[in-house]
Amino acid sequence: MNNSLLVVLIASGIAYGTPLLFASLGELLAERSGVLNLGVEGMMLVGAVMGFWTVQRVHSNTAVVLFAAIVVAAIIGAVLASIHAFLVITLRASQIVSGLALTIFAGAVGLSSYLGNDLNLADSPASHTFNAVFPQSMQNWPVVGPIVFGQNVLVYASWALVVVIWLYLSRTRPGLNVRAVGESPAAADSMGINVTRYRYAHTLLGGALAGIAGATVTLAITPQWVDGITGGAGWIAIALVIFAFWRPELCLVGAYFFGALQALAPQLQARDIHLGPTVLWTNALPYVMTIVVLVVVSSGTARSRLGAPAALGNAYVREER
Amino acid sequence: MSAAAQAQPQPQTPAVSMRGVTKRFPGIVANDHVDFEAAPGEVHALLGENGAGKTTLSHILTGLYRPDEGRIALYGEPVEFASPREAIDAGVGMVHQHFRLVPRFTVAENLVLGDRRGAGRNFRIDPGAIAEQVRGLGERYGLEIDPRARIWQLSVGEQQRVEILKALYQEARILILDEPTAVLTPDEADTLFVTVRKMAEEGRTVIFISHKLHEVMAVSDRVTVLRAGKAIATVRTADATPQSLAELMVGREIVVVRREGHAHTDAAPVLEVEDLWADGDRGTVAVKGVSLTLHAGEIAAIAGVSGNGQRELAEAIAGLRPCTKGTVRVKGHAVHTGDARTAFQAGIGYVPEDRLGTGVSPTLPISMNLSLKSFRSESVGPFLRLRMMRDKAVEAIRTFGIKSSGPEQETDELSGGNLQKVVISREFSAHPSVLIAASPTRGLDVAAVEQVHSYLMEAAEEGAGVLLISEDLDEILALNDRVLVMYEGGLTEAADPTNVTEIGLLMAGGKPA
Amino acid sequence: MRLTFERRLSQPWWLSVAVPVGSVVVAFVIAGIVLLATGVEPLPTYRQLFNAGFIQTGALTQTLVSATPLAFTGLAAAAAFRMKLYNIGAEGQMYMGAIFGSAAGLFLGGRISSSATVIFAMVAAGIVGGALWGSIPGVLRAFFRTSEILTSLLLNYVAGLILTYLIFESQSYWRQTKGFNATVFPTGKALPDVAQWPTWTIDVQGGVVIPLGALIAVVVAVLLWLLYSRTRFGFEARVLGDSDRAARYSGVRVRRKILAVMAISGGIAGIGGASQVGDFAHALDGDPNGLQKLGYGYTGIVVAALARYNPFATLLVAFLIGGLENAGNTLQGPGFPAGLVGVLQGIILFCALGGEVLVRHRVRIHRRVPKRAAEAAS
């Protein structure tokens, strides 16, 4: 039973979906404060590279090394996000072009490639990886075994993160403040909330989570590094935020759904099931599904209006006439 | 005059003292060495026409702007606000002209934003406790509102109540109200004045910003008049008359433009709207079965507090909003609704309320904006006749006196009055059969207002039917042949266009006796 | 110390040129610091880059090889971005242009003897392919209000999968099936001679080869400029890009316009794809490590942004960035960091974005006036 397609899909969906979850939660925070960061793919790639590098170069016991890797990935993600933050918050540049610049700068033909090749990271697989936490006996329990107890610590951390962010946004004062900043920065400003500080903080947090998401890919899913290893996941994460109506709990659902889609292709092949005439269909499915979902979500006009933070994408200026 | 102010002799520590305050923006000095003082427990009006610098001064007091020069003191203590936070902590609260509320939040959430003192100051938000506090506050001041209602669900008048509650919640000792009656019916305005009195009696200082003489006369103890960025004079209201204040405000004798209104029912109808229905932005019905007939040479004025469907009605007739039901005819010919091009090609001109966002293309040059609708007929095949457009622009700039650096200047760099002239000159030159003007003089100084009014009357004289939509009752009364009132999507005609009481009643949804 | 930005009352024209140029200079300085940090000498590296890009024998020819597709994707991006339509899909639209263009070349090449006709057909097919692919996000944006950023971008991945599929995973029309080599490594069918695009050689620097695609790019730039500044279409598009409410007000049929601009943008990228086939590869390149790794579509956005979306500036910037790409390719290997080109481009774009603010605003530095002094002054 634990080997049935459904159970495997759900379990793998959770595993594959975890980087999507981290990245989309990060982007959700940034967007809630009104900043659109299209550089997620770039930040993920650099997080992936630097997390991997930490694991290969730091010599200590597994737990310490992995923890250090996550920290490094988070820091580098935040540093990259700070470039975008400076450009769009302080200098009021176009959020869209800046985010794209970040992706080009950090992406598959940019910084991540530069670092990965320069540091010769493609040569060997990861020395330490994130593995399942619970003992094999628990993992063998029917259904819940592989789905719940077969995951690594990053997955469990992501679950905690969803809860924390949900509580933060709906039940705390800083959460209320950041929502105000994203909806009407003028109102927030006039109430004495520092719009700039909130935007910087949340954009950097978003970058840190994107970095962690990238490290999840190279250290938990595919324990090696190649150029462009995330394969567009960053973009799907951005779409996920829209799909989830900017709500953390829906990000979870969406991330696992798309994770399952990614797990679909190899699973079907292993079972010799053919979805369409060719393998092209299953490979393209995640991207096509994302587009379909986006269309469905955006064409319900009133509903999407109720979702997006009203001031998303716009720079806030106090002293403009 | 409030009892508190009457009891205390003048020489005492003023609640607010501003000396030599100056604020410059690119190309303009908004406040020019302004001296201003207000006493505790006083209602002090800040009077001036649009553009005189009233709002700028108040923004400096509330920490939104920083003065380039000058000193400010509260209750004798010098202060320098680096941010709105500091002003709020010092006890300065403002009710803005354009509300600073978060539409998606509830009333309680808006009040609690940035709270440091009350039930919302904790890290964790307790919705129940906050709601209680808000309810208590509302009862105390007669400003009842449901704390759990979302702002976008409230009427404009109710939203203003929330703005006032916000200031009171923060225990403001100095309250600034910026043009508060612009969005109220006459009755609501009277209620507001009562609230203002109550606050002053408690020892608070209320600074009342307005450009309306009769309000200032009705509610204030003293008046400071601003003109072109300078403080001209401060007088006791009891010693002033509307005429004296008006002269201080404008610097010369005002000639009030008034139209000799008369019926035009025997002239040919230029616009016939029958049973028009249209939806608003949020999917609810905004225009409910409106019918009206406009005759050539007539000015029909539509009064009403904003948010009752006037904007949607104007957009529906001008083709900018689809109509769910009903017909529009211009000079007897049916006009296909929901398409802007069809509407203006049929002869409907439209001066929109949102001149910068809709009426012009902001970063494009003036010459392009002057041909914004006519470029299709001014072109040869697919190609534009640029030189002709430019010449036309030069001509229009001259004729309408548009102050600019030339036809290639970016349109959003123009001042409000000149921007409106661009819009008006464009609409006029098309010689429309129907001219819809929505809030055409909002935010303009007196000179510009006079000009716009004269253009509207000129249009009527040339045979157009003019539909004037305005929230400014004075403007409505000055310019109309007929008065109609819009309330909750329905249009009613006032039997007597000079009877302010009747019009006020209709604006509030009452039925005339 | 505080910084404030004041809107400039008028923008001197020279600023629009000085700022992008200045940002490139600043970018090289910053990149130089990054290089130093990783133990590479910046100045010799830059000299190497310049040499490999423009000076040494054969450099200009190679630069044009990179610059030609960049010109097309840059023009595609400029055409759309100027109207605030963020078409990130030039990459995929180029692939589709390549697919359609090579199909035309293969099909007609064997049947028609006139090279000019075949080439014309290839260009037309390229336009159609790119335009169709660009219309998908166009339709979704125009009629369903879906953000074109994400849809055009996701379609890049789909287009890449299709391209790879046609050569690697199927026995399609495009695939070379005969000959020994065909079984060893999948390649695209070679285009017949009539379908190969001509070149012109200038006797400079050992002979610079100018491909037909480069000349087509110049023509496209001129047409694009004419379209946007001299036609009714361009007038409406400019208004739409400026304010969609004003556009509606002025009678622009917004949905049609959005679709048209996206289709034009896609079509231009499509010519770039046809040029890849006709000018350079002479076959459809479905190798995932081939055309798909070069990222011309994304670099085109950098080109357009630096050129501030002006068609002629786009040509110039495409040439310069093409030189940079060429140099990067030539020098790649031990001793020269891979990915440096992307890093440089990113930094240049960041600096250009930052510099942009200087064009529209004047920066003022405020020193806080000490309280004592203010009181003493009164």
# chains A, B, ... in the order shown; residues from 1 in each chain; ligands from 1

call {"tool": "interface_residues", "arguments": {"of": "chain A", "to": "chain B", "cutoff": "8 Å", "atoms": "only C-alpha atoms", "output": "list in words"}}
result
Arg171, Thr172, Arg173, Pro174, Leu176, Asn177, Ala180, Glu183, Ser184, Ala186, Ala187, Ala188, Asp189, Ser190, Met191, Gly192, Ile193, Ala302, Arg318, Glu319 and Arg321 of chain A

call {"tool": "residues_around", "arguments": {"residues": "Val261 of chain C", "least_positions_apart": "5", "cutoff": "9 Å", "atoms": "only C-alpha atoms", "output": "ChimeraX atom specification"}}
result
/C:79-80,83,85,135,138,237,256,266

call {"tool": "atom_distance", "arguments": {"atom1": "atom CA of Ile28 of chain B", "atom2": "atom CA of Arg71 of chain B"}}
result
20.5 Å

call {"tool": "select_by_dssp", "arguments": {"residues": "segment 196-260 of chain A", "states": "helix (DSSP H, G or I)", "output": "short mmCIF file (atom, residue, chain, number, x, y, z; two decimals) with N, CA and C atoms, in the first residue's frame"}}
result
data_model
loop_
_atom_site.label_atom_id
_atom_site.label_comp_id
_atom_site.auth_asym_id
_atom_site.auth_seq_id
_atom_site.Cartn_x
_atom_site.Cartn_y
_atom_site.Cartn_z
N THR A 196 9.59 52.05 5.06
CA THR A 196 10.87 51.61 4.50
C THR A 196 11.44 50.45 5.27
N ARG A 197 11.43 50.56 6.58
CA ARG A 197 12.03 49.50 7.39
C ARG A 197 11.29 48.18 7.21
N TYR A 198 9.96 48.24 7.21
CA TYR A 198 9.18 47.02 7.04
C TYR A 198 9.45 46.40 5.68
N ARG A 199 9.54 47.21 4.64
CA ARG A 199 9.76 46.67 3.31
C ARG A 199 11.12 46.02 3.20
N TYR A 200 12.14 46.70 3.71
CA TYR A 200 13.48 46.11 3.69
C TYR A 200 13.48 44.78 4.43
N ALA A 201 12.93 44.81 5.65
CA ALA A 201 12.97 43.60 6.47
C ALA A 201 12.32 42.43 5.76
N HIS A 202 11.14 42.66 5.21
CA HIS A 202 10.43 41.54 4.61
C HIS A 202 11.04 41.10 3.29
N THR A 203 11.64 42.03 2.56
CA THR A 203 12.29 41.64 1.32
C THR A 203 13.52 40.79 1.63
N LEU A 204 14.27 41.20 2.63
CA LEU A 204 15.45 40.43 2.99
C LEU A 204 15.06 39.04 3.53
N LEU A 205 14.00 39.02 4.33
CA LEU A 205 13.51 37.73 4.83
C LEU A 205 13.13 36.83 3.66
N GLY A 206 12.48 37.43 2.69
CA GLY A 206 12.09 36.67 1.51
C GLY A 206 13.30 36.09 0.82
N GLY A 207 14.37 36.89 0.75
CA GLY A 207 15.59 36.41 0.12
C GLY A 207 16.20 35.27 0.90
N ALA A 208 16.19 35.41 2.22
CA ALA A 208 16.76 34.35 3.05
C ALA A 208 16.02 33.03 2.83
N LEU A 209 14.70 33.11 2.78
CA LEU A 209 13.93 31.88 2.58
C LEU A 209 14.16 31.31 1.19
N ALA A 210 14.35 32.18 0.21
CA ALA A 210 14.64 31.68 -1.14
C ALA A 210 15.98 30.96 -1.14
N GLY A 211 16.93 31.51 -0.42
CA GLY A 211 18.23 30.86 -0.32
C GLY A 211 18.10 29.47 0.30
N ILE A 212 17.33 29.41 1.38
CA ILE A 212 17.11 28.11 2.04
C ILE A 212 16.44 27.14 1.08
N ALA A 213 15.50 27.67 0.30
CA ALA A 213 14.81 26.82 -0.67
C ALA A 213 15.81 26.21 -1.64
N GLY A 214 16.75 27.02 -2.10
CA GLY A 214 17.76 26.51 -3.03
C GLY A 214 18.61 25.43 -2.38
N ALA A 215 19.00 25.68 -1.13
CA ALA A 215 19.82 24.69 -0.44
C ALA A 215 19.05 23.39 -0.26
N THR A 216 17.75 23.50 -0.07
CA THR A 216 16.93 22.30 0.05
C THR A 216 17.07 21.43 -1.20
N VAL A 217 17.14 22.07 -2.35
CA VAL A 217 17.25 21.30 -3.59
C VAL A 217 18.55 20.52 -3.64
N THR A 218 19.67 21.19 -3.36
CA THR A 218 20.95 20.49 -3.51
C THR A 218 21.30 19.61 -2.33
N LEU A 219 20.62 19.79 -1.23
CA LEU A 219 21.02 19.01 -0.07
C LEU A 219 19.98 18.00 0.37
N ALA A 220 18.76 18.14 -0.12
CA ALA A 220 17.75 17.18 0.30
C ALA A 220 17.15 16.41 -0.86
N ILE A 221 17.14 17.02 -2.02
CA ILE A 221 16.43 16.38 -3.13
C ILE A 221 17.39 15.73 -4.12
N ALA A 233 11.97 26.49 -10.73
CA ALA A 233 11.15 26.40 -9.53
C ALA A 233 10.86 27.77 -8.95
N GLY A 234 11.81 28.66 -9.06
CA GLY A 234 11.62 30.00 -8.52
C GLY A 234 10.41 30.70 -9.13
N TRP A 235 10.22 30.49 -10.41
CA TRP A 235 9.09 31.13 -11.08
C TRP A 235 7.79 30.50 -10.65
N ILE A 236 7.81 29.19 -10.48
CA ILE A 236 6.59 28.53 -10.01
C ILE A 236 6.26 29.02 -8.60
N ALA A 237 7.30 29.27 -7.81
CA ALA A 237 7.04 29.77 -6.45
C ALA A 237 6.34 31.12 -6.50
N ILE A 238 6.75 31.98 -7.42
CA ILE A 238 6.10 33.29 -7.55
C ILE A 238 4.65 33.10 -7.94
N ALA A 239 4.43 32.19 -8.88
CA ALA A 239 3.05 31.93 -9.30
C ALA A 239 2.23 31.39 -8.13
N LEU A 240 2.90 30.57 -7.31
CA LEU A 240 2.22 29.97 -6.15
C LEU A 240 1.63 31.01 -5.21
N VAL A 241 2.36 32.10 -5.03
CA VAL A 241 1.87 33.12 -4.10
C VAL A 241 0.53 33.67 -4.60
N ILE A 242 0.43 33.86 -5.90
CA ILE A 242 -0.82 34.35 -6.48
C ILE A 242 -1.90 33.29 -6.32
N PHE A 243 -1.52 32.05 -6.64
CA PHE A 243 -2.44 30.91 -6.55
C PHE A 243 -2.96 30.79 -5.13
N PRO A 248 -0.51 31.93 3.67
CA PRO A 248 0.52 30.90 3.88
C PRO A 248 -0.03 29.47 3.85
N GLU A 249 -1.21 29.27 4.40
CA GLU A 249 -1.71 27.90 4.43
C GLU A 249 -2.01 27.36 3.03
N LEU A 250 -2.42 28.27 2.13
CA LEU A 250 -2.68 27.84 0.76
C LEU A 250 -1.37 27.62 0.00
N CYS A 251 -0.31 28.32 0.42
CA CYS A 251 1.00 28.08 -0.19
C CYS A 251 1.39 26.63 0.02
N LEU A 252 1.07 26.11 1.19
CA LEU A 252 1.41 24.73 1.50
C LEU A 252 0.72 23.79 0.54
N VAL A 253 -0.57 23.98 0.40
CA VAL A 253 -1.35 23.13 -0.50
C VAL A 253 -0.80 23.22 -1.92
N GLY A 254 -0.58 24.43 -2.39
CA GLY A 254 -0.11 24.63 -3.75
C GLY A 254 1.26 24.05 -3.98
N ALA A 255 2.16 24.23 -3.00
CA ALA A 255 3.53 23.75 -3.18
C ALA A 255 3.53 22.23 -3.32
N TYR A 256 2.72 21.56 -2.50
CA TYR A 256 2.71 20.10 -2.58
C TYR A 256 2.04 19.62 -3.85
N PHE A 257 1.06 20.37 -4.30
CA PHE A 257 0.42 20.01 -5.56
C PHE A 257 1.43 20.04 -6.70
N PHE A 258 2.18 21.13 -6.76
CA PHE A 258 3.16 21.24 -7.83
C PHE A 258 4.33 20.30 -7.62
N GLY A 259 4.64 20.05 -6.36
CA GLY A 259 5.68 19.07 -6.08
C GLY A 259 5.27 17.70 -6.62
N ALA A 260 4.01 17.37 -6.40
CA ALA A 260 3.52 16.09 -6.90
C ALA A 260 3.59 16.03 -8.41
#

call {"tool": "closest_residue", "arguments": {"among": "C:Gly241, C:Gly160, C:Gly342, C:Gly300", "to": "chain B", "atoms": "only C-alpha atoms"}}
result
C:Gly241

call {"tool": "closest_residue", "arguments": {"among": "C:Ala246, C:Ala214, C:Ala313, C:Ile347", "to": "chain B", "atoms": "only C-alpha atoms"}}
result
C:Ala246

call {"tool": "residues_around", "arguments": {"residues": "Ala30 of chain B", "least_positions_apart": "4", "cutoff": "6 Å", "atoms": "only C-alpha atoms", "output": "compact mmCIF listing (two decimals) with N, CA and C atoms, in the first residue's frame"}}
result
# COMPACT_ATOMS: atom_id res chain seq x y z
N LYS B 23 8.43 76.01 3.48
CA LYS B 23 8.57 74.70 2.81
C LYS B 23 8.57 74.91 1.32
N ARG B 24 9.61 74.38 0.68
CA ARG B 24 9.72 74.56 -0.77
C ARG B 24 9.61 73.22 -1.48
N GLY B 53 -1.56 76.73 0.54
CA GLY B 53 -0.54 76.19 1.44
C GLY B 53 -1.09 75.64 2.74
N GLY B 229 0.87 80.92 -0.09
CA GLY B 229 1.94 80.46 0.77
C GLY B 229 2.26 81.37 1.94

call {"tool": "residues_around", "arguments": {"residues": "Val43 of chain B", "least_positions_apart": "3", "cutoff": "9 Å", "atoms": "only C-alpha atoms", "output": "MDAnalysis selection string"}}
result
chainID B and resid 1:2 5 38:40 196:197 200 204:208 219:223

call {"tool": "residues_around", "arguments": {"residues": "Pro288 of chain C", "least_positions_apart": "4", "cutoff": "12 Å", "atoms": "only C-alpha atoms", "output": "ChimeraX atom specification"}}
result
/C:95,157,159-169,186-187,284,292-295

call {"tool": "interface_residues", "arguments": {"of": "chain B", "to": "chain C", "cutoff": "7 Å", "atoms": "only C-alpha atoms", "output": "list in words"}}
result
Pro26, Leu320, Ala340, Arg341, Gly357, Thr358, Gly359, Val360, Ser361, Pro362, Thr363, Leu372, Lys373, Arg376, Pro382, Phe383 and Leu384 of chain B

call {"tool": "residues_around", "arguments": {"residues": "Gly39 of chain A", "least_positions_apart": "3", "cutoff": "7 Å", "atoms": "only C-alpha atoms", "output": "JSON, numbers by chain"}}
result
{"A": [42, 43, 99, 100, 102, 103]}

call {"tool": "write_last_selection", "arguments": {"atoms": "N, CA and C atoms", "output": "PDB file, in the first residue's frame"}}
result
ATOM      1  N   GLY A  42      16.955  33.323  -9.134  1.00  0.00           N
ATOM      2  CA  GLY A  42      18.370  33.655  -8.957  1.00  0.00           C
ATOM      3  C   GLY A  42      18.820  33.423  -7.522  1.00  0.00           C
ATOM      4  N   MET A  43      18.009  33.858  -6.558  1.00  0.00           N
ATOM      5  CA  MET A  43      18.374  33.709  -5.156  1.00  0.00           C
ATOM      6  C   MET A  43      18.418  32.229  -4.771  1.00  0.00           C
ATOM      7  N   GLY A  99      13.992  42.937 -10.448  1.00  0.00           N
ATOM      8  CA  GLY A  99      13.900  41.514 -10.125  1.00  0.00           C
ATOM      9  C   GLY A  99      14.478  40.660 -11.240  1.00  0.00           C
ATOM     10  N   LEU A 100      14.185  41.038 -12.496  1.00  0.00           N
ATOM     11  CA  LEU A 100      14.736  40.297 -13.624  1.00  0.00           C
ATOM     12  C   LEU A 100      16.255  40.415 -13.650  1.00  0.00           C
ATOM     13  N   LEU A 102      18.136  40.767 -11.158  1.00  0.00           N
ATOM     14  CA  LEU A 102      18.655  39.904 -10.107  1.00  0.00           C
ATOM     15  C   LEU A 102      18.728  38.458 -10.594  1.00  0.00           C
ATOM     16  N   THR A 103      17.703  38.011 -11.303  1.00  0.00           N
ATOM     17  CA  THR A 103      17.706  36.649 -11.822  1.00  0.00           C
ATOM     18  C   THR A 103      18.845  36.441 -12.812  1.00  0.00           C
TER      19      THR A 103
END

call {"tool": "interface_residues", "arguments": {"of": "chain A", "to": "chain C", "cutoff": "9 Å", "atoms": "only C-alpha atoms", "output": "count of residues only"}}
result
56

call {"tool": "residues_around", "arguments": {"residues": "segment 151-168 of chain A", "least_positions_apart": "6", "cutoff": "6 Å", "atoms": "only C-alpha atoms", "output": "PyMOL selection string"}}
result
chain A and resi 130-133+175+248

call {"tool": "atom_distance", "arguments": {"atom1": "atom CA of Leu268 of chain A", "atom2": "atom CA of Pro286 of chain A"}}
result
14.3 Å

call {"tool": "closest_residue", "arguments": {"among": "B:Lys325, B:Arg236, B:Arg385, B:Lys392", "to": "Lys288 of chain B", "atoms": "only C-alpha atoms"}}
result
B:Lys325

call {"tool": "atom_distance", "arguments": {"atom1": "atom CA of Met50 of chain A", "atom2": "atom CA of Ile76 of chain A"}}
result
7.7 Å

call {"tool": "closest_residue", "arguments": {"among": "B:Asp279, B:Glu158, B:Glu413, B:Glu215", "to": "Gly138 of chain B", "atoms": "only C-alpha atoms"}}
result
B:Glu158

call {"tool": "closest_residue", "arguments": {"among": "A:Ser124, A:Thr54, A:Phe134, A:Gln262", "to": "Pro146 of chain A", "atoms": "only C-alpha atoms"}}
result
A:Phe134

call {"tool": "closest_residue", "arguments": {"among": "B:Glu37, B:Met368, B:Phe400, B:Ala448", "to": "Thr234 of chain B", "atoms": "only C-alpha atoms"}}
result
B:Glu37

call {"tool": "decode", "arguments": {"residues": "segment 346-363 of chain C", "atoms": "N, CA and C atoms", "output": "short mmCIF file (atom, residue, chain, number, x, y, z; two decimals), in the first residue's frame"}}
result
data_model
loop_
_atom_site.label_atom_id
_atom_site.label_comp_id
_atom_site.auth_asym_id
_atom_site.auth_seq_id
_atom_site.Cartn_x
_atom_site.Cartn_y
_atom_site.Cartn_z
N GLY C 346 24.55 41.57 -15.12
CA GLY C 346 23.66 41.87 -14.00
C GLY C 346 24.07 43.16 -13.31
N ILE C 347 25.38 43.31 -13.08
CA ILE C 347 25.85 44.52 -12.39
C ILE C 347 25.58 45.74 -13.24
N ILE C 348 25.83 45.63 -14.54
CA ILE C 348 25.57 46.76 -15.42
C ILE C 348 24.10 47.16 -15.32
N LEU C 349 23.23 46.16 -15.34
CA LEU C 349 21.81 46.47 -15.28
C LEU C 349 21.43 47.10 -13.95
N PHE C 350 22.00 46.57 -12.86
CA PHE C 350 21.73 47.18 -11.56
C PHE C 350 22.14 48.65 -11.57
N CYS C 351 23.33 48.91 -12.08
CA CYS C 351 23.81 50.29 -12.08
C CYS C 351 22.92 51.16 -12.96
N ALA C 352 22.48 50.59 -14.09
CA ALA C 352 21.60 51.37 -14.96
C ALA C 352 20.30 51.69 -14.25
N LEU C 353 19.77 50.72 -13.53
CA LEU C 353 18.53 50.95 -12.78
C LEU C 353 18.73 52.01 -11.73
N GLY C 354 19.87 51.90 -11.03
CA GLY C 354 20.13 52.89 -10.00
C GLY C 354 20.33 54.26 -10.60
N GLY C 355 21.02 54.29 -11.73
CA GLY C 355 21.28 55.58 -12.36
C GLY C 355 20.03 56.21 -12.91
N GLU C 356 19.07 55.37 -13.26
CA GLU C 356 17.80 55.85 -13.79
C GLU C 356 17.17 56.91 -12.91
N VAL C 357 17.33 56.70 -11.62
CA VAL C 357 16.70 57.64 -10.69
C VAL C 357 17.29 59.03 -10.84
N LEU C 358 18.56 59.08 -11.27
CA LEU C 358 19.21 60.38 -11.42
C LEU C 358 18.66 61.16 -12.61
N VAL C 359 18.15 60.41 -13.59
CA VAL C 359 17.63 61.10 -14.76
C VAL C 359 16.38 61.88 -14.41
N ARG C 360 15.54 61.26 -13.55
CA ARG C 360 14.27 61.92 -13.27
C ARG C 360 14.29 62.78 -12.01
N HIS C 361 15.26 62.52 -11.14
CA HIS C 361 15.24 63.24 -9.86
C HIS C 361 16.59 63.85 -9.56
N ARG C 362 16.55 64.90 -8.78
CA ARG C 362 17.78 65.48 -8.28
C ARG C 362 17.93 65.00 -6.84
N VAL C 363 19.13 64.59 -6.48
CA VAL C 363 19.33 64.08 -5.13
C VAL C 363 19.81 65.19 -4.23
#
